[in-house]
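With TSV, C-alpha atoms and all ligand atoms inside, this is entry_18.tsv:
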```tsv
chain	number	residue	atom	x	y	z
A	1	MET	CA	0.00	0.00	0.00
A	2	MET	CA	1.56	3.21	-1.19
A	3	CYS	CA	0.72	5.31	1.85
A	4	SER	CA	2.40	3.11	4.42
A	5	LYS	CA	5.95	3.65	3.25
A	6	ILE	CA	6.07	7.13	1.84
A	7	ILE	CA	5.20	10.48	3.27
A	8	PRO	CA	4.82	12.91	0.39
A	9	LEU	CA	3.15	15.90	2.02
A	10	GLY	CA	0.58	16.32	-0.72
A	11	PHE	CA	-0.86	12.94	-0.02
A	12	LEU	CA	-0.66	13.13	3.74
A	13	LEU	CA	-4.28	14.11	4.22
A	14	PHE	CA	-5.29	11.53	1.70
A	15	CYS	CA	-3.25	8.91	3.52
A	16	LEU	CA	-4.65	9.68	6.95
A	17	PHE	CA	-8.12	9.44	5.55
A	18	HIS	CA	-7.13	6.38	3.61
A	19	HIS	CA	-6.01	4.55	6.73
A	20	ALA	CA	-9.04	5.64	8.73
A	21	ALA	CA	-11.46	4.32	6.16
A	22	ILE	CA	-12.45	0.67	5.95
A	23	GLY	CA	-11.80	0.36	2.24
A	24	ALA	CA	-9.65	2.46	-0.02
A	25	SER	CA	-10.68	6.05	-0.60
A	26	PRO	CA	-11.57	7.30	-4.04
A	27	LEU	CA	-9.12	9.66	-5.69
A	28	TYR	CA	-11.79	11.69	-7.42
A	29	HIS	CA	-15.16	11.53	-9.17
A	30	PHE	CA	-17.36	13.48	-11.56
A	31	CYS	CA	-21.14	13.32	-11.83
A	32	PHE	CA	-20.76	14.38	-15.47
A	33	SER	CA	-24.33	13.90	-16.63
A	34	ASN	CA	-26.98	16.48	-15.79
A	35	GLU	CA	-29.70	13.98	-16.53
A	36	ASN	CA	-31.26	12.09	-13.66
A	37	TYR	CA	-33.09	8.80	-13.47
A	38	THR	CA	-35.85	8.08	-11.00
A	39	ALA	CA	-35.96	5.29	-8.46
A	40	TYR	CA	-37.35	1.97	-9.74
A	41	SER	CA	-37.12	3.20	-13.35
A	42	PRO	CA	-35.93	0.98	-16.22
A	43	TYR	CA	-32.71	3.01	-16.26
A	44	GLN	CA	-31.98	2.08	-12.67
A	45	ALA	CA	-32.68	-1.59	-13.38
A	46	ASN	CA	-30.36	-1.48	-16.40
A	47	LEU	CA	-27.66	0.25	-14.36
A	48	ASN	CA	-27.85	-2.43	-11.68
A	49	GLN	CA	-27.64	-5.10	-14.34
A	50	LEU	CA	-24.64	-3.40	-15.93
A	51	LEU	CA	-22.81	-3.17	-12.59
A	52	ASN	CA	-23.43	-6.86	-11.94
A	53	LEU	CA	-22.08	-7.62	-15.39
A	54	LEU	CA	-18.92	-5.62	-14.68
A	55	TYR	CA	-18.38	-7.36	-11.30
A	56	THR	CA	-17.99	-10.67	-13.10
A	57	LYS	CA	-16.51	-9.54	-16.40
A	58	VAL	CA	-13.76	-7.19	-15.19
A	59	PRO	CA	-11.76	-9.02	-12.47
A	60	PRO	CA	-10.33	-11.91	-14.56
A	61	THR	CA	-8.56	-9.62	-17.04
A	62	GLY	CA	-8.71	-6.26	-15.27
A	63	PHE	CA	-10.91	-4.68	-17.89
A	64	GLY	CA	-14.43	-4.96	-19.23
A	65	PHE	CA	-17.25	-2.98	-20.75
A	66	GLY	CA	-20.86	-3.55	-21.60
A	67	SER	CA	-24.29	-2.15	-22.35
A	68	THR	CA	-27.65	-3.10	-20.91
A	69	GLY	CA	-31.16	-2.17	-22.02
A	70	GLN	CA	-32.40	-0.30	-25.03
A	71	TYR	CA	-32.45	3.38	-25.90
A	72	PRO	CA	-33.56	5.60	-24.17
A	73	ASN	CA	-32.85	3.53	-21.07
A	74	GLN	CA	-29.62	2.00	-22.25
A	75	VAL	CA	-26.68	2.12	-19.86
A	76	ASN	CA	-23.10	1.86	-21.11
A	77	GLY	CA	-20.23	1.24	-18.76
A	78	LEU	CA	-16.68	0.12	-18.28
A	79	ALA	CA	-14.25	-0.60	-15.50
A	80	LEU	CA	-10.47	-0.86	-15.52
A	81	CYS	CA	-8.11	-2.09	-12.83
A	82	ARG	CA	-4.47	-1.01	-12.65
A	83	GLY	CA	-2.35	-3.45	-14.59
A	84	ASP	CA	-0.71	-5.11	-11.58
A	85	VAL	CA	-3.83	-5.45	-9.40
A	86	SER	CA	-4.91	-9.00	-8.55
A	87	SER	CA	-8.29	-10.18	-9.68
A	88	ASN	CA	-9.60	-10.30	-6.08
A	89	ASN	CA	-8.50	-6.74	-5.37
A	90	CYS	CA	-9.87	-5.70	-8.73
A	91	LYS	CA	-13.27	-7.11	-7.87
A	92	THR	CA	-13.30	-5.42	-4.46
A	93	CYS	CA	-12.38	-2.12	-6.07
A	94	VAL	CA	-15.07	-2.29	-8.76
A	95	ILE	CA	-17.73	-3.16	-6.19
A	96	ASP	CA	-16.60	-0.34	-3.86
A	97	ALA	CA	-16.53	2.04	-6.81
A	98	SER	CA	-20.10	1.30	-7.84
A	99	LYS	CA	-21.40	1.74	-4.29
A	100	GLU	CA	-19.46	4.94	-3.76
A	101	LEU	CA	-20.55	6.38	-7.10
A	102	GLY	CA	-24.18	5.64	-6.25
A	103	GLU	CA	-23.74	7.70	-3.08
A	104	ARG	CA	-21.72	10.52	-4.59
A	105	CYS	CA	-23.82	10.88	-7.74
A	106	PRO	CA	-27.29	9.73	-6.69
A	107	ASN	CA	-29.63	9.23	-9.65
A	108	ARG	CA	-27.20	10.65	-12.20
A	109	LYS	CA	-27.26	8.91	-15.53
A	110	GLY	CA	-23.54	9.39	-16.10
A	111	ALA	CA	-20.70	9.33	-13.60
A	112	ILE	CA	-17.08	8.29	-13.21
A	113	ILE	CA	-14.87	7.48	-10.22
A	114	TRP	CA	-11.20	6.68	-9.78
A	115	TYR	CA	-9.29	4.78	-7.11
A	116	ASP	CA	-5.66	3.76	-6.96
A	117	ASN	CA	-6.70	0.26	-7.98
A	118	CYS	CA	-9.48	0.89	-10.49
A	119	MET	CA	-11.84	3.23	-12.29
A	120	LEU	CA	-15.53	2.86	-13.13
A	121	LYS	CA	-17.64	4.85	-15.58
A	122	TYR	CA	-21.23	4.63	-16.77
A	123	SER	CA	-23.43	6.75	-18.97
A	124	ASN	CA	-26.64	6.76	-20.99
A	125	LYS	CA	-24.48	8.07	-23.87
A	126	LYS	CA	-22.43	5.65	-25.94
A	127	PHE	CA	-18.76	6.25	-25.18
A	128	ILE	CA	-17.05	2.88	-25.63
A	129	GLY	CA	-14.13	3.10	-28.05
A	130	GLN	CA	-13.88	6.88	-27.89
A	131	ILE	CA	-11.22	8.90	-26.11
A	132	ASP	CA	-12.70	10.66	-23.09
A	133	ASN	CA	-11.38	14.22	-23.25
A	134	ALA	CA	-13.86	15.62	-20.75
A	135	ASN	CA	-13.24	13.78	-17.49
A	136	LYS	CA	-9.76	14.47	-16.25
A	137	PHE	CA	-7.94	15.59	-13.11
A	138	TYR	CA	-4.38	16.13	-11.87
A	139	MET	CA	-2.66	15.05	-8.68
A	140	TRP	CA	0.82	16.02	-7.62
A	141	ASN	CA	3.30	15.46	-4.86
A	142	VAL	CA	3.87	18.90	-3.28
A	143	GLN	CA	7.54	18.16	-2.72
A	144	GLU	CA	9.69	19.71	-5.41
A	145	VAL	CA	12.97	18.70	-6.96
A	146	ASP	CA	16.15	20.80	-6.88
A	147	ASN	CA	16.91	20.65	-10.57
A	148	PRO	CA	13.54	21.00	-12.30
A	149	THR	CA	14.71	21.52	-15.87
A	150	ARG	CA	16.61	18.26	-16.05
A	151	PHE	CA	14.07	16.39	-13.91
A	152	ASN	CA	11.06	17.53	-15.98
A	153	GLU	CA	12.87	16.37	-19.09
A	154	LYS	CA	13.56	12.93	-17.54
A	155	VAL	CA	9.91	12.56	-16.55
A	156	LYS	CA	8.76	13.42	-20.05
A	157	GLN	CA	11.27	11.01	-21.59
A	158	LEU	CA	10.26	8.13	-19.33
A	159	LEU	CA	6.53	8.63	-19.83
A	160	SER	CA	6.84	9.11	-23.59
A	161	GLY	CA	8.73	5.83	-23.82
A	162	LEU	CA	6.10	4.11	-21.70
A	163	SER	CA	3.37	5.55	-23.95
A	164	THR	CA	4.99	3.80	-26.90
A	165	THR	CA	5.43	0.46	-25.12
A	166	ALA	CA	1.93	0.54	-23.59
A	167	SER	CA	0.30	1.15	-26.95
A	168	SER	CA	1.93	-1.97	-28.36
A	169	ASN	CA	1.12	-4.09	-25.30
A	170	PRO	CA	-2.21	-5.99	-25.41
A	171	LYS	CA	-2.98	-4.71	-21.92
A	172	LEU	CA	-2.31	-1.10	-22.98
A	173	TYR	CA	-0.27	-0.83	-19.80
A	174	SER	CA	3.37	-0.22	-19.10
A	175	THR	CA	5.63	0.57	-16.16
A	176	GLY	CA	9.27	1.52	-16.07
A	177	VAL	CA	12.13	2.91	-14.04
A	178	VAL	CA	15.16	5.02	-14.86
A	179	GLU	CA	18.14	5.94	-12.75
A	180	LEU	CA	18.38	9.70	-12.15
A	181	ASP	CA	21.66	9.57	-10.24
A	182	LYS	CA	23.48	7.32	-7.76
A	183	SER	CA	20.76	7.55	-5.14
A	184	ARG	CA	17.53	8.24	-6.96
A	185	LYS	CA	15.30	6.40	-9.41
A	186	LEU	CA	12.26	7.62	-11.25
A	187	TYR	CA	9.30	5.25	-11.53
A	188	GLY	CA	6.53	5.58	-14.07
A	189	LEU	CA	3.25	3.96	-15.03
A	190	VAL	CA	0.88	4.51	-17.95
A	191	GLN	CA	-2.37	2.77	-18.81
A	192	CYS	CA	-5.31	3.07	-21.22
A	193	THR	CA	-8.77	1.55	-21.15
A	194	ARG	CA	-8.76	-1.37	-23.55
A	195	ASP	CA	-11.73	-0.24	-25.61
A	196	LEU	CA	-9.27	2.14	-27.31
A	197	SER	CA	-7.26	1.21	-30.37
A	198	LYS	CA	-3.48	1.16	-29.99
A	199	SER	CA	-3.16	4.44	-31.84
A	200	ASP	CA	-5.89	6.12	-29.77
A	201	CYS	CA	-4.17	4.87	-26.61
A	202	LYS	CA	-0.97	6.54	-27.69
A	203	LYS	CA	-2.86	9.68	-28.68
A	204	CYS	CA	-4.59	9.81	-25.28
A	205	LEU	CA	-1.35	9.29	-23.35
A	206	ASP	CA	0.57	11.80	-25.42
A	207	VAL	CA	-2.05	14.46	-24.72
A	208	ALA	CA	-1.88	13.61	-21.00
A	209	ILE	CA	1.93	13.79	-21.07
A	210	SER	CA	1.75	17.17	-22.82
A	211	GLU	CA	-0.05	18.43	-19.71
A	212	LEU	CA	2.98	17.77	-17.50
A	213	PRO	CA	3.88	21.50	-17.33
A	214	ASN	CA	0.36	22.28	-16.06
A	215	CYS	CA	0.11	19.54	-13.47
A	216	CYS	CA	3.53	18.60	-12.37
A	217	ASP	CA	6.24	21.15	-13.11
A	218	ALA	CA	9.17	20.43	-10.76
A	219	LYS	CA	7.04	18.08	-8.64
A	220	GLN	CA	8.61	14.89	-7.30
A	221	GLY	CA	5.52	12.97	-8.33
A	222	GLY	CA	2.38	13.50	-10.32
A	223	ARG	CA	-0.52	12.05	-12.21
A	224	VAL	CA	-2.80	13.01	-15.03
A	225	VAL	CA	-5.87	10.82	-14.70
A	226	GLY	CA	-8.62	10.63	-17.30
A	227	GLY	CA	-11.52	8.48	-18.36
A	228	SER	CA	-9.49	6.72	-21.08
A	229	CYS	CA	-5.88	6.88	-19.94
A	230	ASN	CA	-3.65	7.93	-17.09
A	231	PHE	CA	-0.05	8.21	-16.06
A	232	ARG	CA	1.81	8.47	-12.81
A	233	TYR	CA	5.44	9.04	-11.86
A	234	GLU	CA	7.17	9.11	-8.48
A	235	LEU	CA	10.62	8.80	-6.93
A	236	TYR	CA	9.49	5.55	-5.31
A	237	PRO	CA	7.98	2.32	-6.67
A	238	ILE	CA	4.34	2.75	-7.64
A	239	VAL	CA	3.22	-0.79	-8.36
A	240	SER	CA	3.65	-4.12	-6.67
A	241	SER	CA	5.79	-6.40	-8.78
B	301	LIG	C1	-30.37	16.27	-11.64
B	301	LIG	O1	-30.12	16.28	-10.25
B	301	LIG	C2	-29.12	17.21	-9.84
B	301	LIG	C3	-28.84	16.99	-8.36
B	301	LIG	O2	-30.02	16.98	-7.63
B	301	LIG	C4	-29.58	18.62	-10.19
B	301	LIG	O3	-28.57	19.54	-9.83
B	301	LIG	C5	-29.85	18.71	-11.69
B	301	LIG	O4	-30.34	19.97	-12.02
B	301	LIG	C6	-30.83	17.62	-12.13
B	301	LIG	N1	-30.95	17.65	-13.58
B	301	LIG	C7	-32.11	17.81	-14.22
B	301	LIG	C8	-32.03	17.81	-15.71
B	301	LIG	O5	-33.17	17.95	-13.64
```
As structure tokens, how would this structure be written, given the file I've shared?
Ligand SMILES: *[C@@H]1O[C@H](CO)[C@@H](O)[C@H](O)[C@H]1NC(C)=O
Amino acid sequence: MMCSKIIPLGFLLFCLFHHAAIGASPLYHFCFSNENYTAYSPYQANLNQLLNLLYTKVPPTGFGFGSTGQYPNQVNGLALCRGDVSSNNCKTCVIDASKELGERCPNRKGAIIWYDNCMLKYSNKKFIGQIDNANKFYMWNVQEVDNPTRFNEKVKQLLSGLSTTASSNPKLYSTGVVELDKSRKLYGLVQCTRDLSKSDCKKCLDVAISELPNCCDAKQGGRVVGGSCNFRYELYPIVSS
């Protein structure tokens, strides 16, 4: 668990909360649809059916999508677990995500939530196979590096390389590490949802990486997290391996 070993100040609050909570805490969410469904409506039934489908479909491979019902009550959804997450932890995360999203976005037809271990999105609009440019947020480690120009360049290089390897990996996922100097290593992770083509995965990641100056200039760690792809880098290992 990332919070137990490291104490980046930016995540301190998150970590305290994280440890206090029973399950993992969400990183962020958006209730992106302004349309609401009513209780006991066909839309709600289709949403429940979709979530049940994702609980079984997603854990074995870490990714799945589906649609239930017919227009105008059709629900489309997907869930993605981080590439190294076990199928048990994946399942727990997807179930937590659906419960939490139901509480944070009650009755909303479209919503998305992210955790360290997974993300979950559903909508009445068809979105499978398309890059999500709308739902995105940044996180950063408030600690800064001493030599930002060189460091920023190293981060960009690492992530750009990972973008290329991820987009040619069937899991659209890649992690890597580079040595910065004798005592420090830089760790990176990139991942896309697997409804994207290889070239759209690369496109999505490259746009995210181009946002490094906005999110993460001189920061020891950072993430750009979207509905179709995300990256993270830190000066400590990010994934279990
Ligand atoms: C849906 O519900 C939200 C939260 O109660 C509200 O802000 C929004 O205006 C509603 N949308 C419509 C179209 O009624």
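Between Asn117 (chain A) and the candidates A:Asn76, A:Asn214, A:Ser25, A:Thr56, the tightest atom-to-atom separation, counting all atoms listed in the file, involves A:Ser25.
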Show me, as CSV, the residues of chain A having an atom within 12 Å of ligand LIG 301 (chain B), each with the closest atom pair and its distance in Å, using only C-alpha atoms and all ligand atoms.
```
residue,atom,partner,partner_atom,distance
A:Cys31,CA,B:LIG301,C2,9.1
A:Phe32,CA,B:LIG301,C2,10.5
A:Ser33,CA,B:LIG301,C1,8.2
A:Asn34,CA,B:LIG301,N1,4.7
A:Glu35,CA,B:LIG301,C8,4.6
A:Asn36,CA,B:LIG301,C1,4.7
A:Tyr37,CA,B:LIG301,C1,8.2
A:Thr38,CA,B:LIG301,C1,9.9
A:Glu103,CA,B:LIG301,C3,11.8
A:Arg104,CA,B:LIG301,C3,10.3
A:Cys105,CA,B:LIG301,C3,7.9
A:Pro106,CA,B:LIG301,C3,7.6
A:Asn107,CA,B:LIG301,O1,7.1
A:Arg108,CA,B:LIG301,C1,6.5
A:Lys109,CA,B:LIG301,C1,8.9
A:Gly110,CA,B:LIG301,C1,10.7
```
Using only the atoms of region 64-76 of chain A listed in the file, plus 3 Å on each side, state the axis-aligned box centre and edge lengths in Å rounded to one decimal, as lines of an AutoDock Vina configuration file.
```
center_x = -24.0
center_y = 0.3
center_z = -22.6
size_x = 25.1
size_y = 16.6
size_z = 12.7
```
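Residues with any atom within 8 Å of Tyr236 (chain A), counting only C-alpha atoms and excluding same-chain neighbours fewer than 5 positions away, are Lys185, Leu186 and Tyr187 of chain A.
Between Val225 (chain A) and the residues A:Ala111, A:Ala97, A:Ala24, A:Leu205, the shortest atom-to-atom distance, using all atoms listed in the file, involves A:Leu205.
With CA of Val142 (chain A) on one side and CA of Tyr28 (chain A) on the other, the separation reads 17.7 Å.
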request  = Pick out the closest residue to Leu54 (chain A) from this set: A:Asn89, A:Ser98, A:Ser41, A:Gln70. Count all atoms listed in the file.
outcome  = A:Ser98
Would you give me, as CSV, each residue of region 19-138 of chain A having an atom within 12 Å of an atom of region 166-184 of chain A, along with its shortest atom pair and that distance in Å to one decimal, using all atoms listed in the file and sorting by chain and residue number?
```
residue,atom,partner,partner_atom,distance
A:Thr61,CA,A:Lys171,CA,8.9
A:Gly62,CA,A:Lys171,CA,8.9
A:Phe63,CA,A:Lys171,CA,8.9
A:Gly64,CA,A:Lys171,CA,11.8
A:Leu80,CA,A:Lys171,CA,10.6
A:Cys81,CA,A:Tyr173,CA,10.6
A:Arg82,CA,A:Tyr173,CA,8.3
A:Gly83,CA,A:Tyr173,CA,6.2
A:Asp84,CA,A:Tyr173,CA,9.3
A:Val85,CA,A:Tyr173,CA,11.9
```
Residues within 9 Å of Gly77 (chain A), only C-alpha atoms, excluding chain neighbours under 2 positions, as an MDAnalysis selection string = chainID A and resid 47 50:51 54 64:68 75 79 120:124 126:128
query = Using all atoms listed in the file, which residue out of A:Ser240, A:Ser163, A:Gln157, A:Asn52 lies closest to Lys203 (chain A)?
reply = A:Ser163
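Distance-wise, CA of Met139 (chain A) and CA of Asp96 (chain A) end up 21.3 Å apart.
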message = My list of candidates is A:Glu153, A:Asp116, A:Asp132, A:Asp195. Which is closest to Gly227 (chain A) when distances are computed with only C-alpha atoms?
response = A:Asp132
note = re CA of Ala218 (chain A) and CA of Lys154 (chain A): distance 11.0 Å
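Distances to Glu234 (chain A) were evaluated for A:Ala134, A:Cys216, A:Cys90, A:Leu27 using all atoms listed in the file, and the minimum falls at A:Cys216.
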